[in-house]
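Content type mmCIF, C-alpha atoms, from the file final.cif:
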```cif
data_input
#
loop_
_atom_site.group_PDB
_atom_site.id
_atom_site.type_symbol
_atom_site.label_atom_id
_atom_site.label_comp_id
_atom_site.auth_asym_id
_atom_site.auth_seq_id
_atom_site.Cartn_x
_atom_site.Cartn_y
_atom_site.Cartn_z
ATOM 1 C CA PRO D 1 49.965 76.643 9.613
ATOM 2 C CA SER D 2 52.440 74.150 8.223
ATOM 3 C CA HIS D 3 53.389 73.849 4.580
ATOM 4 C CA SER D 4 51.317 70.672 4.154
ATOM 5 C CA GLN D 5 48.220 72.380 5.594
ATOM 6 C CA VAL D 6 48.646 75.331 3.234
ATOM 7 C CA MET D 7 49.001 72.942 0.273
ATOM 8 C CA TRP D 8 45.906 71.033 1.398
ATOM 9 C CA VAL D 9 43.821 74.232 1.641
ATOM 10 C CA GLN D 10 44.980 75.352 -1.805
ATOM 11 C CA ALA D 11 44.358 71.924 -3.388
ATOM 12 C CA HIS D 12 40.945 71.639 -1.719
ATOM 13 C CA GLY D 13 39.926 75.095 -2.958
ATOM 14 C CA ALA D 14 41.142 74.354 -6.484
ATOM 15 C CA LEU D 15 39.254 71.045 -6.457
ATOM 16 C CA GLU D 16 36.013 72.727 -5.366
ATOM 17 C CA ASP D 17 36.355 75.360 -8.117
ATOM 18 C CA LEU D 18 37.068 72.656 -10.662
ATOM 19 C CA LEU D 19 34.012 70.651 -9.627
ATOM 20 C CA VAL D 20 31.894 73.786 -10.054
ATOM 21 C CA ASP D 21 33.348 74.260 -13.548
ATOM 22 C CA GLU D 22 32.649 70.632 -14.444
ATOM 23 C CA HIS D 23 29.093 70.689 -13.096
ATOM 24 C CA PRO D 24 27.742 74.244 -13.571
ATOM 25 C CA PRO D 25 24.279 75.151 -12.217
ATOM 26 C CA THR D 26 22.912 75.523 -15.751
ATOM 27 C CA ALA D 27 23.677 72.818 -18.267
ATOM 28 C CA PRO D 28 25.862 74.202 -21.095
ATOM 29 C CA ARG D 29 24.963 73.808 -24.729
ATOM 30 C CA PRO D 30 26.556 70.772 -26.408
ATOM 31 C CA LEU D 31 29.659 71.559 -28.443
ATOM 32 C CA LYS D 32 29.958 70.288 -32.005
ATOM 33 C CA ASP D 33 33.525 71.411 -32.678
ATOM 34 C CA ARG D 34 35.971 68.615 -31.842
ATOM 35 C CA LEU D 35 38.784 71.087 -31.118
ATOM 36 C CA GLN D 36 36.740 72.950 -28.510
ATOM 37 C CA VAL D 37 35.740 69.682 -26.850
ATOM 38 C CA PHE D 38 39.362 68.529 -26.727
ATOM 39 C CA GLN D 39 40.556 71.845 -25.296
ATOM 40 C CA GLY D 40 37.936 71.604 -22.562
ATOM 41 C CA LEU D 41 38.982 68.051 -21.683
ATOM 42 C CA ALA D 42 42.671 68.986 -21.813
ATOM 43 C CA THR D 43 42.099 71.940 -19.497
ATOM 44 C CA PHE D 44 40.339 69.751 -16.937
ATOM 45 C CA TYR D 45 43.048 67.095 -17.351
ATOM 46 C CA LEU D 46 45.901 69.521 -16.621
ATOM 47 C CA LYS D 47 44.095 71.111 -13.679
ATOM 48 C CA TYR D 48 43.367 67.710 -12.145
ATOM 49 C CA LEU D 49 47.005 66.779 -12.718
ATOM 50 C CA GLN D 50 48.177 69.841 -10.774
ATOM 51 C CA ILE D 51 45.780 69.012 -7.958
ATOM 52 C CA PHE D 52 47.048 65.420 -7.991
ATOM 53 C CA ARG D 53 50.642 66.636 -7.547
ATOM 54 C CA SER D 54 49.647 68.806 -4.583
ATOM 55 C CA LEU D 55 47.598 66.077 -2.907
ATOM 56 C CA GLU D 56 50.379 63.542 -3.375
ATOM 57 C CA SER D 57 52.821 65.896 -1.642
ATOM 58 C CA VAL D 58 50.320 66.525 1.160
ATOM 59 C CA TYR D 59 49.743 62.796 1.662
ATOM 60 C CA ASP D 60 53.488 62.200 1.787
ATOM 61 C CA GLN D 61 54.113 64.906 4.405
ATOM 62 C CA ILE D 62 51.176 64.405 6.782
ATOM 63 C CA VAL D 63 51.826 62.072 9.738
ATOM 64 C CA HIS D 64 48.322 62.074 11.280
ATOM 65 C CA PRO D 65 46.725 58.685 10.406
ATOM 66 C CA GLN D 66 43.087 59.913 10.187
ATOM 67 C CA LYS D 67 44.059 62.883 8.027
ATOM 68 C CA ARG D 68 46.119 60.605 5.793
ATOM 69 C CA ARG D 69 43.072 58.380 5.217
ATOM 70 C CA MET D 70 40.944 61.369 4.293
ATOM 71 C CA VAL D 71 43.580 62.761 1.901
ATOM 72 C CA ARG D 72 44.103 59.287 0.430
ATOM 73 C CA HIS D 73 40.385 59.007 -0.325
ATOM 74 C CA VAL D 74 40.419 62.335 -2.170
ATOM 75 C CA LEU D 75 43.670 61.425 -3.927
ATOM 76 C CA ASP D 76 42.252 58.157 -5.233
ATOM 77 C CA GLY D 77 39.211 60.006 -6.547
ATOM 78 C CA VAL D 78 41.387 62.565 -8.367
ATOM 79 C CA MET D 79 43.474 59.800 -9.937
ATOM 80 C CA GLY D 80 40.329 58.059 -11.111
ATOM 81 C CA ARG D 81 39.051 61.284 -12.673
ATOM 82 C CA ILE D 82 42.394 61.767 -14.471
ATOM 83 C CA LEU D 83 42.085 58.296 -15.980
ATOM 84 C CA GLU D 84 38.515 59.044 -17.089
ATOM 85 C CA LEU D 85 39.584 62.285 -18.807
ATOM 86 C CA LYS D 86 42.505 60.511 -20.477
ATOM 87 C CA ASN D 87 40.162 57.838 -21.798
ATOM 88 C CA GLU D 88 37.756 60.473 -23.137
ATOM 89 C CA MET D 89 40.609 62.258 -24.949
ATOM 90 C CA VAL D 90 41.815 58.985 -26.456
ATOM 91 C CA GLU D 91 38.326 58.146 -27.710
ATOM 92 C CA LEU D 92 37.957 61.679 -29.111
ATOM 93 C CA GLU D 93 41.338 61.903 -30.860
ATOM 94 C CA PHE D 94 41.831 58.166 -31.600
ATOM 95 C CA SER D 95 45.367 58.531 -30.302
ATOM 96 C CA GLU D 96 47.156 58.175 -26.983
ATOM 97 C CA PHE D 97 49.437 61.131 -27.721
ATOM 98 C CA HIS D 98 47.970 64.609 -27.515
ATOM 99 C CA TYR D 99 49.179 68.137 -28.189
ATOM 100 C CA PHE D 100 48.667 70.481 -25.236
ATOM 101 C CA ASP D 101 50.630 73.470 -26.553
ATOM 102 C CA ASP D 102 47.735 75.963 -26.573
ATOM 103 C CA VAL D 103 46.369 74.786 -23.229
ATOM 104 C CA LEU D 104 49.815 74.923 -21.608
ATOM 105 C CA GLN D 105 50.269 78.478 -22.850
ATOM 106 C CA ASP D 106 46.856 79.538 -21.545
ATOM 107 C CA LEU D 107 47.471 78.002 -18.119
ATOM 108 C CA LYS D 108 51.087 79.301 -18.029
ATOM 109 C CA LEU D 109 52.518 75.813 -17.514
ATOM 110 C CA THR D 110 55.615 74.075 -18.845
ATOM 111 C CA PRO D 111 55.904 70.692 -20.627
ATOM 112 C CA GLU D 112 57.309 69.247 -17.396
ATOM 113 C CA ASP D 113 53.874 69.729 -15.812
ATOM 114 C CA LEU D 114 52.504 67.113 -18.236
ATOM 115 C CA GLU D 115 54.515 64.324 -16.626
ATOM 116 C CA VAL D 116 52.410 62.101 -14.378
ATOM 117 C CA PRO D 117 54.450 61.373 -11.241
ATOM 118 C CA ILE D 118 54.333 57.946 -9.660
ATOM 119 C CA PRO D 119 52.986 58.320 -6.098
ATOM 120 C CA GLN D 120 55.647 57.453 -3.575
ATOM 121 C CA TYR D 121 53.260 55.368 -1.496
ATOM 122 C CA PHE D 122 52.830 52.946 -4.416
ATOM 123 C CA VAL D 123 56.315 51.539 -3.843
ATOM 124 C CA ARG D 124 56.463 52.209 -0.103
ATOM 125 C CA GLU D 125 53.253 50.324 0.707
ATOM 126 C CA LYS D 126 54.340 47.378 -1.433
ATOM 127 C CA MET D 127 57.902 47.324 -0.128
ATOM 128 C CA ARG D 128 57.248 44.234 1.968
ATOM 129 C CA VAL D 129 55.767 42.409 -1.035
ATOM 130 C CA LEU D 130 58.742 43.419 -3.191
ATOM 131 C CA ARG D 131 61.206 42.202 -0.561
ATOM 132 C CA ASP D 132 59.399 38.876 -0.224
ATOM 133 C CA ARG D 133 59.489 38.547 -4.024
ATOM 134 C CA GLU D 134 63.222 39.217 -4.086
ATOM 135 C CA LYS D 135 63.800 36.628 -1.378
ATOM 136 C CA MET D 136 61.716 34.077 -3.293
ATOM 137 C CA LEU D 137 63.645 34.751 -6.526
ATOM 138 C CA ALA D 138 66.960 34.442 -4.691
ATOM 139 C CA HIS D 139 65.807 31.135 -3.185
ATOM 140 C CA VAL D 140 64.709 29.874 -6.608
ATOM 141 C CA MET D 141 68.057 30.837 -8.104
ATOM 142 C CA GLU D 142 69.911 29.009 -5.332
ATOM 143 C CA VAL D 143 67.810 25.888 -5.826
ATOM 144 C CA SER D 144 68.076 25.962 -9.633
ATOM 145 C CA VAL D 145 71.891 26.134 -9.603
ATOM 146 C CA GLN D 146 73.213 22.597 -9.981
ATOM 147 C CA THR D 147 76.249 21.585 -7.970
ATOM 148 C CA MET D 148 79.084 19.817 -9.795
ATOM 149 C CA CYS D 149 81.313 17.107 -8.452
ATOM 150 C CA LEU D 150 85.073 17.645 -8.134
ATOM 151 C CA GLU D 151 85.975 15.737 -11.319
ATOM 152 C CA GLU D 152 83.523 17.751 -13.462
ATOM 153 C CA ALA D 153 84.787 21.033 -12.035
ATOM 154 C CA VAL D 154 88.402 20.072 -12.760
ATOM 155 C CA ARG D 155 87.480 19.045 -16.309
ATOM 156 C CA VAL D 156 85.702 22.379 -16.966
ATOM 157 C CA LEU D 157 88.671 24.323 -15.607
ATOM 158 C CA GLN D 158 91.063 22.329 -17.776
ATOM 159 C CA VAL D 159 89.037 23.004 -20.915
ATOM 160 C CA CYS D 160 88.890 26.758 -20.189
ATOM 161 C CA GLU D 161 92.608 26.946 -19.382
ATOM 162 C CA ARG D 162 93.625 25.067 -22.537
ATOM 163 C CA ALA D 163 91.408 27.368 -24.617
ATOM 164 C CA ARG D 164 93.029 30.431 -23.020
ATOM 165 C CA GLN D 165 96.526 29.104 -23.674
ATOM 166 C CA GLY D 166 95.614 28.360 -27.298
ATOM 167 C CA ARG D 167 94.386 31.906 -27.829
ATOM 168 C CA LEU D 168 97.546 33.356 -26.296
ATOM 169 C CA ARG D 169 99.759 31.109 -28.468
ATOM 170 C CA HIS D 170 97.866 32.157 -31.590
ATOM 171 C CA ARG D 171 98.241 35.858 -30.726
ATOM 172 C CA PHE D 172 101.961 35.453 -30.008
ATOM 173 C CA MET D 173 102.617 33.696 -33.330
ATOM 174 C CA LYS D 174 100.604 36.346 -35.173
ATOM 175 C CA GLU D 175 102.726 39.136 -33.668
ATOM 176 C CA ILE D 176 105.939 37.348 -34.621
ATOM 177 C CA ARG D 177 104.736 36.898 -38.211
ATOM 178 C CA GLN D 178 103.761 40.579 -38.481
ATOM 179 C CA ALA D 179 107.138 41.673 -37.097
ATOM 180 C CA GLU D 180 108.971 39.532 -39.682
ATOM 181 C CA GLU D 181 106.872 40.937 -42.516
ATOM 182 C CA GLU D 182 107.489 44.516 -41.405
ATOM 183 C CA GLY D 183 111.241 43.876 -41.150
ATOM 184 C CA SER D 184 111.419 42.457 -44.659
ATOM 185 C CA GLN D 185 109.438 45.404 -46.037
ATOM 186 C CA ALA D 186 111.719 47.911 -44.281
ATOM 187 C CA LYS D 187 114.796 46.314 -45.812
ATOM 188 C CA SER D 188 113.344 46.431 -49.305
ATOM 189 C CA GLN D 189 112.362 50.130 -49.092
ATOM 190 C CA THR D 190 114.738 52.999 -49.776
ATOM 191 C CA PRO D 191 115.846 55.130 -46.814
ATOM 192 C CA ILE D 192 113.446 57.969 -45.983
ATOM 193 C CA SER D 193 114.832 61.444 -46.474
ATOM 194 C CA THR D 194 114.769 63.820 -43.501
ATOM 195 C CA LEU D 195 112.174 66.617 -43.451
ATOM 196 C CA ASP D 196 113.001 70.274 -43.577
ATOM 197 C CA PRO D 197 112.797 71.874 -40.072
ATOM 198 C CA ASP D 198 110.037 74.265 -41.189
ATOM 199 C CA GLN D 199 107.969 71.397 -42.603
ATOM 200 C CA ALA D 200 108.490 69.333 -39.452
ATOM 201 C CA ALA D 201 107.400 72.248 -37.249
ATOM 202 C CA THR D 202 104.313 72.819 -39.437
ATOM 203 C CA CYS D 203 103.363 69.132 -39.166
ATOM 204 C CA ILE D 204 103.754 69.157 -35.365
ATOM 205 C CA GLN D 205 101.712 72.368 -35.096
ATOM 206 C CA LYS D 206 98.960 70.882 -37.241
ATOM 207 C CA VAL D 207 98.691 67.752 -35.086
ATOM 208 C CA TRP D 208 98.796 69.707 -31.820
ATOM 209 C CA ARG D 209 96.208 72.266 -32.909
ATOM 210 C CA GLY D 210 93.863 69.503 -34.032
ATOM 211 C CA TYR D 211 94.263 67.690 -30.706
ATOM 212 C CA SER D 212 93.709 70.857 -28.620
ATOM 213 C CA GLN D 213 90.648 71.882 -30.680
ATOM 214 C CA ARG D 214 89.072 68.424 -30.342
ATOM 215 C CA LYS D 215 89.680 68.518 -26.603
ATOM 216 C CA ARG D 216 88.100 71.982 -26.324
ATOM 217 C CA THR D 217 85.135 70.870 -28.426
ATOM 218 C CA ARG D 218 84.521 67.834 -26.198
ATOM 219 C CA ARG D 219 84.673 70.032 -23.087
ATOM 220 C CA GLU D 220 82.238 72.585 -24.528
ATOM 221 C CA ARG D 221 79.865 69.827 -25.647
ATOM 222 C CA LEU D 222 79.905 68.311 -22.145
ATOM 223 C CA GLU D 223 79.231 71.711 -20.556
ATOM 224 C CA GLU D 224 76.295 72.268 -22.905
ATOM 225 C CA MET D 225 74.825 68.825 -22.164
ATOM 226 C CA ILE D 226 75.150 69.472 -18.409
ATOM 227 C CA PHE D 227 73.481 72.880 -18.823
ATOM 228 C CA LEU D 228 70.574 71.280 -20.735
ATOM 229 C CA GLY D 229 70.191 68.604 -18.056
ATOM 230 C CA MET D 230 70.876 65.746 -20.484
ATOM 231 C CA VAL D 231 73.969 64.566 -18.619
ATOM 232 C CA GLY D 232 74.062 64.148 -14.867
ATOM 233 C CA VAL D 233 76.991 65.282 -12.778
ATOM 234 C CA LEU D 234 78.017 63.346 -9.705
ATOM 235 C CA GLN D 235 78.091 65.875 -6.900
ATOM 236 C CA ARG D 236 78.405 65.420 -3.187
ATOM 237 C CA PRO D 237 75.094 66.155 -1.447
ATOM 238 C CA SER D 238 74.992 69.477 0.323
ATOM 239 C CA VAL D 239 74.193 70.007 3.992
ATOM 240 C CA ALA D 240 70.624 71.023 3.120
ATOM 241 C CA GLN D 241 70.097 67.859 1.061
ATOM 242 C CA LEU D 242 71.433 65.654 3.853
ATOM 243 C CA LYS D 243 69.160 67.397 6.350
ATOM 244 C CA ALA D 244 66.156 66.976 4.012
ATOM 245 C CA GLN D 245 66.908 63.247 3.689
ATOM 246 C CA GLN D 246 67.152 62.941 7.464
ATOM 247 C CA VAL D 247 63.836 64.764 7.924
ATOM 248 C CA GLU D 248 62.190 62.504 5.330
ATOM 249 C CA THR D 249 63.478 59.365 7.057
ATOM 250 C CA THR D 250 62.231 60.639 10.417
ATOM 251 C CA ARG D 251 58.833 61.453 8.901
ATOM 252 C CA ARG D 252 58.540 57.927 7.492
ATOM 253 C CA LEU D 253 59.253 56.454 10.936
ATOM 254 C CA VAL D 254 56.711 58.762 12.607
ATOM 255 C CA GLN D 255 54.087 57.803 10.018
ATOM 256 C CA GLU D 256 54.646 54.097 10.670
ATOM 257 C CA GLU D 257 54.561 54.585 14.454
ATOM 258 C CA ASN D 258 51.360 56.647 14.298
ATOM 259 C CA GLU D 259 49.714 54.081 12.013
ATOM 260 C CA ALA D 260 50.626 51.240 14.366
ATOM 261 C CA GLU D 261 49.350 53.242 17.346
ATOM 262 C CA TYR D 262 46.119 54.015 15.479
ATOM 263 C CA GLN D 263 45.520 50.329 14.739
ATOM 264 C CA ARG D 264 46.142 49.435 18.389
ATOM 265 C CA ALA D 265 43.807 52.237 19.502
ATOM 266 C CA LEU D 266 41.004 50.905 17.316
ATOM 267 C CA VAL D 267 41.121 47.581 19.140
ATOM 268 C CA SER D 268 41.649 49.012 22.636
ATOM 269 C CA ILE D 269 38.905 51.658 22.325
ATOM 270 C CA LYS D 270 36.460 49.070 21.028
ATOM 271 C CA GLU D 271 37.227 46.765 23.938
ATOM 272 C CA SER D 272 37.011 49.694 26.381
ATOM 273 C CA VAL D 273 33.611 50.758 25.045
ATOM 274 C CA ARG D 274 32.403 47.162 25.208
ATOM 275 C CA ALA D 275 33.611 46.781 28.798
ATOM 276 C CA VAL D 276 32.522 50.174 30.157
ATOM 277 C CA ASP D 277 29.465 51.184 28.136
ATOM 278 C CA GLY D 278 28.453 47.706 26.982
ATOM 279 C CA PRO D 279 26.223 46.800 29.971
ATOM 280 C CA ASP D 280 24.379 50.151 29.873
ATOM 281 C CA LEU D 281 23.826 49.883 26.119
ATOM 282 C CA ARG D 282 22.629 46.303 26.489
ATOM 283 C CA GLU D 283 20.116 47.278 29.165
ATOM 284 C CA THR D 284 18.891 50.227 27.101
ATOM 285 C CA LEU D 285 18.339 48.060 24.032
ATOM 286 C CA GLN D 286 16.626 45.344 26.043
ATOM 287 C CA GLU D 287 14.318 47.940 27.576
ATOM 288 C CA GLN D 288 13.462 49.285 24.121
ATOM 289 C CA ILE D 289 12.714 45.752 22.858
ATOM 290 C CA ARG D 290 10.467 45.069 25.862
ATOM 291 C CA GLN D 291 8.705 48.377 25.291
ATOM 292 C CA TRP D 292 8.162 47.420 21.647
ATOM 293 C CA PHE D 293 6.592 44.101 22.657
ATOM 294 C CA ILE D 294 4.330 45.823 25.152
ATOM 295 C CA GLU D 295 3.222 48.473 22.638
ATOM 296 C CA CYS D 296 2.472 45.792 20.022
ATOM 297 C CA ARG D 297 0.465 43.772 22.595
ATOM 298 C CA ASP D 298 -1.515 46.853 23.569
ATOM 299 C CA ALA D 299 -2.201 47.653 19.882
ATOM 300 C CA THR D 300 -3.018 44.152 18.622
ATOM 301 C CA GLY D 301 -3.934 42.255 21.771
ATOM 302 C CA LYS D 302 -1.131 39.698 21.425
ATOM 303 C CA PHE D 303 2.637 39.600 21.488
ATOM 304 C CA PRO D 304 4.251 39.797 18.035
ATOM 305 C CA ASP D 305 6.651 37.220 16.653
ATOM 306 C CA PHE D 306 10.306 38.027 17.128
ATOM 307 C CA PRO D 307 11.940 38.895 13.752
ATOM 308 C CA ASN D 308 13.857 36.057 12.112
ATOM 309 C CA ALA D 309 17.626 36.117 11.725
ATOM 310 C CA GLU D 310 17.150 36.413 7.944
ATOM 311 C CA ASP D 311 15.200 39.673 8.491
ATOM 312 C CA GLY D 312 17.914 41.060 10.733
ATOM 313 C CA GLY D 313 16.743 39.853 14.137
ATOM 314 C CA SER D 314 16.428 42.601 16.741
ATOM 315 C CA THR D 315 18.004 45.068 14.277
ATOM 316 C CA ALA D 316 14.722 45.144 12.353
ATOM 317 C CA ILE D 317 13.011 46.532 15.472
ATOM 318 C CA PHE D 318 15.248 49.620 15.543
ATOM 319 C CA ALA D 319 15.226 50.197 11.780
ATOM 320 C CA GLN D 320 13.282 53.112 10.364
ATOM 321 C CA LYS D 321 9.868 52.038 9.089
ATOM 322 C CA THR D 322 7.379 53.518 6.706
ATOM 323 C CA PRO D 323 3.864 54.351 7.991
ATOM 324 C CA ASP D 324 2.527 51.234 6.247
ATOM 325 C CA GLN D 325 5.048 49.059 8.042
ATOM 326 C CA VAL D 326 4.155 50.685 11.340
ATOM 327 C CA ASP D 327 0.450 49.973 10.749
#
```
Transcribe the structure of this file into structure tokens.
Amino acid sequence: PSHSQVMWVQAHGALEDLLVDEHPPTAPRPLKDRLQVFQGLATFYLKYLQIFRSLESVYDQIVHPQKRRMVRHVLDGVMGRILELKNEMVELEFSEFHYFDDVLQDLKLTPEDLEVPIPQYFVREKMRVLRDREKMLAHVMEVSVQTMCLEEAVRVLQVCERARQGRLRHRFMKEIRQAEEEGSQAKSQTPISTLDPDQAATCIQKVWRGYSQRKRTRRERLEEMIFLGMVGVLQRPSVAQLKAQQVETTRRLVQEENEAEYQRALVSIKESVRAVDGPDLRETLQEQIRQWFIECRDATGKFPDFPNAEDGGSTAIFAQKTPDQVD
């Protein structure tokens, strides 16, 4: 069996066990301790979250359209149950933030397992809507931009250029003034005495050692941040990653092709059944209706009234009836 089938079997088994735990054969005694109630809800919440992760992966990897619909139905139900448990925990704790330390330790999970992943099909199924929205926004932006005539454009460019030249002139005059002030101060000061060679060497060593230590500290800090996963490193994708991306792209295309073929098959099979088996079914139903009229005439001595369209028409004849209705 494939990896997706194995994941589906495991998720289905875990879901059945969880449903048995939630609805035991004998009703449990009500708990009065708030902590015990919260731990029970948190346990169910984390288990449903793990099942949700597995089902989401299964739904993303399966290409069979009927199987995808079945998995999607179960996946939607699991997501709804997760929201219900979250709401119950919020109402119990009066807070949207909860502490799962004890439950995580009991289930041998990590804090990363608490993160609720966004299903990939959320964005993928709405990709067309998102693209249409982007096109509409781009069109609105193009329409909202006002075009200027040539004289206005020239005037705006002149104002910006004159402002730039003014800033450059101000900076140039400021540098000249600072240079003059520094020159006058240098003339007024006494000549600086030369340092002793040992003192000069000590000063250079001090500056160099400080620079090298700061550089080493920055490198070690960066290595530690990369090790902790707090800083990403731009790396070229490996051959395995490129192959995985190619397989994912191919799977997306196969899913779309199978879905389109499934939709076409629904229409073609319906038309084929109507064309091939339609006449036989029509004759069979007409024969049953005639038989019903004859049986009613034999029982009551007259033909019954045909059911109204509001009562369902001929469908009411084939519907299951109670003994009173038959009489």
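With only C-alpha atoms as the basis for measurement, D:Arg81 is the residue among D:Arg264, D:Arg68, D:Arg236, D:Arg81 that approaches Leu15 of chain D most closely.
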Picked residues, the PyMOL selection byres ((chain D and resi 289) around 12), as a PyMOL selection string: chain D and resi 282-288+290-296+303-304+306-307+313-318
Based on the selection just made, write C-alpha atoms of those residues as an mmCIF file, keeping the file's coordinate frame.
```cif
data_model
loop_
_atom_site.group_PDB
_atom_site.id
_atom_site.type_symbol
_atom_site.label_atom_id
_atom_site.label_comp_id
_atom_site.auth_asym_id
_atom_site.auth_seq_id
_atom_site.Cartn_x
_atom_site.Cartn_y
_atom_site.Cartn_z
ATOM 1 C CA ARG D 282 22.629 46.303 26.489
ATOM 2 C CA GLU D 283 20.116 47.278 29.165
ATOM 3 C CA THR D 284 18.891 50.227 27.101
ATOM 4 C CA LEU D 285 18.339 48.060 24.032
ATOM 5 C CA GLN D 286 16.626 45.344 26.043
ATOM 6 C CA GLU D 287 14.318 47.940 27.576
ATOM 7 C CA GLN D 288 13.462 49.285 24.121
ATOM 8 C CA ARG D 290 10.467 45.069 25.862
ATOM 9 C CA GLN D 291 8.705 48.377 25.291
ATOM 10 C CA TRP D 292 8.162 47.420 21.647
ATOM 11 C CA PHE D 293 6.592 44.101 22.657
ATOM 12 C CA ILE D 294 4.330 45.823 25.152
ATOM 13 C CA GLU D 295 3.222 48.473 22.638
ATOM 14 C CA CYS D 296 2.472 45.792 20.022
ATOM 15 C CA PHE D 303 2.637 39.600 21.488
ATOM 16 C CA PRO D 304 4.251 39.797 18.035
ATOM 17 C CA PHE D 306 10.306 38.027 17.128
ATOM 18 C CA PRO D 307 11.940 38.895 13.752
ATOM 19 C CA GLY D 313 16.743 39.853 14.137
ATOM 20 C CA SER D 314 16.428 42.601 16.741
ATOM 21 C CA THR D 315 18.004 45.068 14.277
ATOM 22 C CA ALA D 316 14.722 45.144 12.353
ATOM 23 C CA ILE D 317 13.011 46.532 15.472
ATOM 24 C CA PHE D 318 15.248 49.620 15.543
#
```
Could you list, as an NGL selection string, every residue within 12 Å of His98 of chain D, counting all atoms listed in the file and ignoring same-chain residues fewer than 6 positions away? :D and (35 or 38-39 or 41-42 or 45 or 86-92 or 114)
Hits of the PyMOL selection byres ((chain D and resi 55) around 8) in this structure, as a PyMOL selection string: chain D and resi 7-8+11+51-54+56-59+71+75
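Atom CA of Glu22 of chain D lies 22.5 Å from atom CA of Met70 of chain D.
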Would you compute the box with edges along x, y and z of the file around segment 162-174 of chain D, including every atom the file lists for it and 3 Å extra on each side, and give its centre and edge lengths in Å to one decimal, as JSON?
```
{"center_x": 97.0, "center_y": 30.7, "center_z": -28.9, "size_x": 17.2, "size_y": 17.3, "size_z": 18.6}
```
Please evaluate the PyMOL selection byres ((chain D and resi 241-256) around 12) against the structure above and give the resulting residues as a ChimeraX atom specification. /D:59-68,120-121,124-125,235-240,257-263
Residues just named, written with C-alpha atoms as a PDB file, in the frame of the given file:
```pdb
ATOM      1  CA  TYR D  59      49.743  62.796   1.662  1.00  0.00           C
ATOM      2  CA  ASP D  60      53.488  62.200   1.787  1.00  0.00           C
ATOM      3  CA  GLN D  61      54.113  64.906   4.405  1.00  0.00           C
ATOM      4  CA  ILE D  62      51.176  64.405   6.782  1.00  0.00           C
ATOM      5  CA  VAL D  63      51.826  62.072   9.738  1.00  0.00           C
ATOM      6  CA  HIS D  64      48.322  62.074  11.280  1.00  0.00           C
ATOM      7  CA  PRO D  65      46.725  58.685  10.406  1.00  0.00           C
ATOM      8  CA  GLN D  66      43.087  59.913  10.187  1.00  0.00           C
ATOM      9  CA  LYS D  67      44.059  62.883   8.027  1.00  0.00           C
ATOM     10  CA  ARG D  68      46.119  60.605   5.793  1.00  0.00           C
ATOM     11  CA  GLN D 120      55.647  57.453  -3.575  1.00  0.00           C
ATOM     12  CA  TYR D 121      53.260  55.368  -1.496  1.00  0.00           C
ATOM     13  CA  ARG D 124      56.463  52.209  -0.103  1.00  0.00           C
ATOM     14  CA  GLU D 125      53.253  50.324   0.707  1.00  0.00           C
ATOM     15  CA  GLN D 235      78.091  65.875  -6.900  1.00  0.00           C
ATOM     16  CA  ARG D 236      78.405  65.420  -3.187  1.00  0.00           C
ATOM     17  CA  PRO D 237      75.094  66.155  -1.447  1.00  0.00           C
ATOM     18  CA  SER D 238      74.992  69.477   0.323  1.00  0.00           C
ATOM     19  CA  VAL D 239      74.193  70.007   3.992  1.00  0.00           C
ATOM     20  CA  ALA D 240      70.624  71.023   3.120  1.00  0.00           C
ATOM     21  CA  GLU D 257      54.561  54.585  14.454  1.00  0.00           C
ATOM     22  CA  ASN D 258      51.360  56.647  14.298  1.00  0.00           C
ATOM     23  CA  GLU D 259      49.714  54.081  12.013  1.00  0.00           C
ATOM     24  CA  ALA D 260      50.626  51.240  14.366  1.00  0.00           C
ATOM     25  CA  GLU D 261      49.350  53.242  17.346  1.00  0.00           C
ATOM     26  CA  TYR D 262      46.119  54.015  15.479  1.00  0.00           C
ATOM     27  CA  GLN D 263      45.520  50.329  14.739  1.00  0.00           C
TER      28      GLN D 263
END
```
Atoms are missing here; could segment 95-100 of chain D be completed with N, CA, C and O atoms and written as a PDB file, in the frame of the given file?
```pdb
ATOM      1  N   SER D  95      43.917  58.567 -30.475  1.00  0.00           N
ATOM      2  CA  SER D  95      45.367  58.531 -30.302  1.00  0.00           C
ATOM      3  C   SER D  95      45.659  58.687 -28.816  1.00  0.00           C
ATOM      4  O   SER D  95      44.924  59.358 -28.088  1.00  0.00           O
ATOM      5  N   GLU D  96      46.746  58.053 -28.376  1.00  0.00           N
ATOM      6  CA  GLU D  96      47.156  58.175 -26.983  1.00  0.00           C
ATOM      7  C   GLU D  96      48.138  59.318 -26.764  1.00  0.00           C
ATOM      8  O   GLU D  96      48.547  59.575 -25.633  1.00  0.00           O
ATOM      9  N   PHE D  97      48.541  59.979 -27.831  1.00  0.00           N
ATOM     10  CA  PHE D  97      49.437  61.131 -27.721  1.00  0.00           C
ATOM     11  C   PHE D  97      48.662  62.375 -28.122  1.00  0.00           C
ATOM     12  O   PHE D  97      48.008  62.400 -29.163  1.00  0.00           O
ATOM     13  N   HIS D  98      48.750  63.400 -27.292  1.00  0.00           N
ATOM     14  CA  HIS D  98      47.970  64.609 -27.515  1.00  0.00           C
ATOM     15  C   HIS D  98      48.895  65.827 -27.481  1.00  0.00           C
ATOM     16  O   HIS D  98      49.956  65.815 -26.843  1.00  0.00           O
ATOM     17  N   TYR D  99      48.450  66.873 -28.147  1.00  0.00           N
ATOM     18  CA  TYR D  99      49.179  68.137 -28.189  1.00  0.00           C
ATOM     19  C   TYR D  99      48.486  69.140 -27.262  1.00  0.00           C
ATOM     20  O   TYR D  99      47.338  69.521 -27.490  1.00  0.00           O
ATOM     21  N   PHE D 100      49.215  69.559 -26.228  1.00  0.00           N
ATOM     22  CA  PHE D 100      48.667  70.481 -25.236  1.00  0.00           C
ATOM     23  C   PHE D 100      49.313  71.861 -25.326  1.00  0.00           C
ATOM     24  O   PHE D 100      49.325  72.594 -24.330  1.00  0.00           O
TER      25      PHE D 100
END
```
